[in-house]
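Read the structure below first, then the notes.
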Amino acid sequence: MTTPAEPGGGRLDPGLAVIMGERRQLINLAYRLLGSLADAEDVIQETYARWYAMSRQEQDAIAAPGAWLTTVAGRICLNVLSSARARRETYVGEWIPEPLPEPAEWMSGRSDGVSADPADRVTLDESVNMAFLVVLESMTPAERVAFVLHDVFRYSFAEVAEIVGRTPAACRQLASSARRRIRATQAPATPAPLQARVIRDFKRAWEAKDINALIGLLDPAATATADGGGVVGAVLHPMEGAEQIARSLLHLEGRLRDLTLLERTVNGWPGLVAELDGVTVSVYAFEVAGDRIKHIWAVRNPDKLRPWTAGPRHPTTTTWMDGR
């Protein structure tokens, strides 16, 4: 790997500073393409490994290093998405994108003991809310890459074509098909303050074991999907209907009497975190339509709770409840 300092000068190599400055953009792109922070980090590591495998002369010959890195990362993501479909056919239960906390609530360390750089964290916006990511999961790998690159990151179709390996016209069609999927499945966004109020009421009803209140806060056709990744006792199939979901939630609370529910931001929107003896055991993301919950996504897979559990809690945890 190229050394970060000039010989004897102790100063950052300007070229290296430019290359490493692309890392935040790359991690944001890779997470949206893959729905997994762990996979995104692997992709970025592989992208930089390919850069540093080149000679200095080869690196200097690249006029736009940022574009080169994006192209390489995009192609690796496309390959990962293609192979992920086969892997998820054998995944135990439902697969849900990895949930992310508010930046201020990220744990201060990673499981490998390396301090997490704040610049590596994913920017939270509409393109990472759970409902949006779940729709992306229904797309073909090429559709997903073309749509995210063009509609979210504003790359031209000529640039997308370089990554996807198709013509600009074909990429335009891929993005158009992806947009139709988005329009067909996503309800109009509920304002965050209203969603926060609905979920706060939901939390209180759950804690009070008030089944009628829970049912009243759920859309009659609500669905709940859990990702346990093989965790013992995890729900393996989506659940439908307000009453069935409410009864299942009360059954869970009855089994885990020491469960503590906390209001937290999940992928940029109000959500809930369940802790048992101070350890995060579940993260809940919601889709709210009007004043009722339309969908609940519950993540229990420990591998996907890494940003919530790897290290000491931030000393001043904020929540959407207190408006900070």
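Naming scheme: A, B, ... for chains in displayed order of the structure tokens; residues 1 onward per chain; ligands 1 onward as shown.
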
As a VMD selection string, please: every residue in segment 65-265 of chain A that DSSP puts in strand (DSSP E or B). chain A and resid 101 109 115 218 to 227 239 to 240 259 to 265

Fewer than 5 positions away in the same chain doesn't count, so skip those; otherwise give me all residues within 12 Å of segment 59-68 of chain A, counting only C-alpha atoms, as a list in words. Thr2, Gly15, Leu16, Ala17, Val18, Ile19, Met20, Gly21, Glu22, Arg23, Arg24, Gln25, Leu26, Thr47, Tyr48, Arg50, Trp51, Tyr52, Ala53, Met54, Ala73, Gly74, Arg75, Tyr155, Glu159, Val160, Glu162 and Ile163 of chain A

So that I can see what lies close to Cys171 of chain A, please list as number ranges by chain the residues with an atom at most 7 Å from it, counting only C-alpha atoms and leaving out residues fewer than 6 positions away in the same chain. A: 146, 157, 160-161

Could you check which of A:Ser36, A:Thr225, A:Ser138, A:Ser82 is closest to Ala298 of chain A, using only C-alpha atoms? A:Thr225

What is the distance, in Å and to one decimal place, between atom CA of Leu252 of chain A and atom CA of Ala224 of chain A?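 Result for atom CA of Leu252 of chain A versus atom CA of Ala224 of chain A: 13.6 Å, one decimal.
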
Separation of atom CA of Asp227 of chain A and atom CA of Arg292 of chain A, in Å?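 Between atom CA of Asp227 of chain A and atom CA of Arg292 of chain A the gap works out to 22.3 Å.
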
Backbone DSSP call of alpha helix (DSSP H) for segment 211-285 of chain A, listed as a ChimeraX atom specification: /A:211-217,242-255

Mind giving me the straight-line distance from atom CA of Leu174 of chain A to atom CA of Met130 of chain A in Å, one decimal?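 Interatomic distance here is 21.8 Å.
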
Counting only C-alpha atoms, which residue out of A:Thr185, A:Asp210, A:Pro141, A:Ile27 sits closest to Leu249 of chain A?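 Using only C-alpha atoms, the shortest distance to Leu249 of chain A belongs to A:Asp210.
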
Do a neighbour search on Glu137 of chain A at 10 Å with only C-alpha atoms, toss out local chain neighbours closer than 3 positions, and write the hits as number ranges by chain. A: 33-35, 81, 85, 95-97, 132-134, 140-141, 144
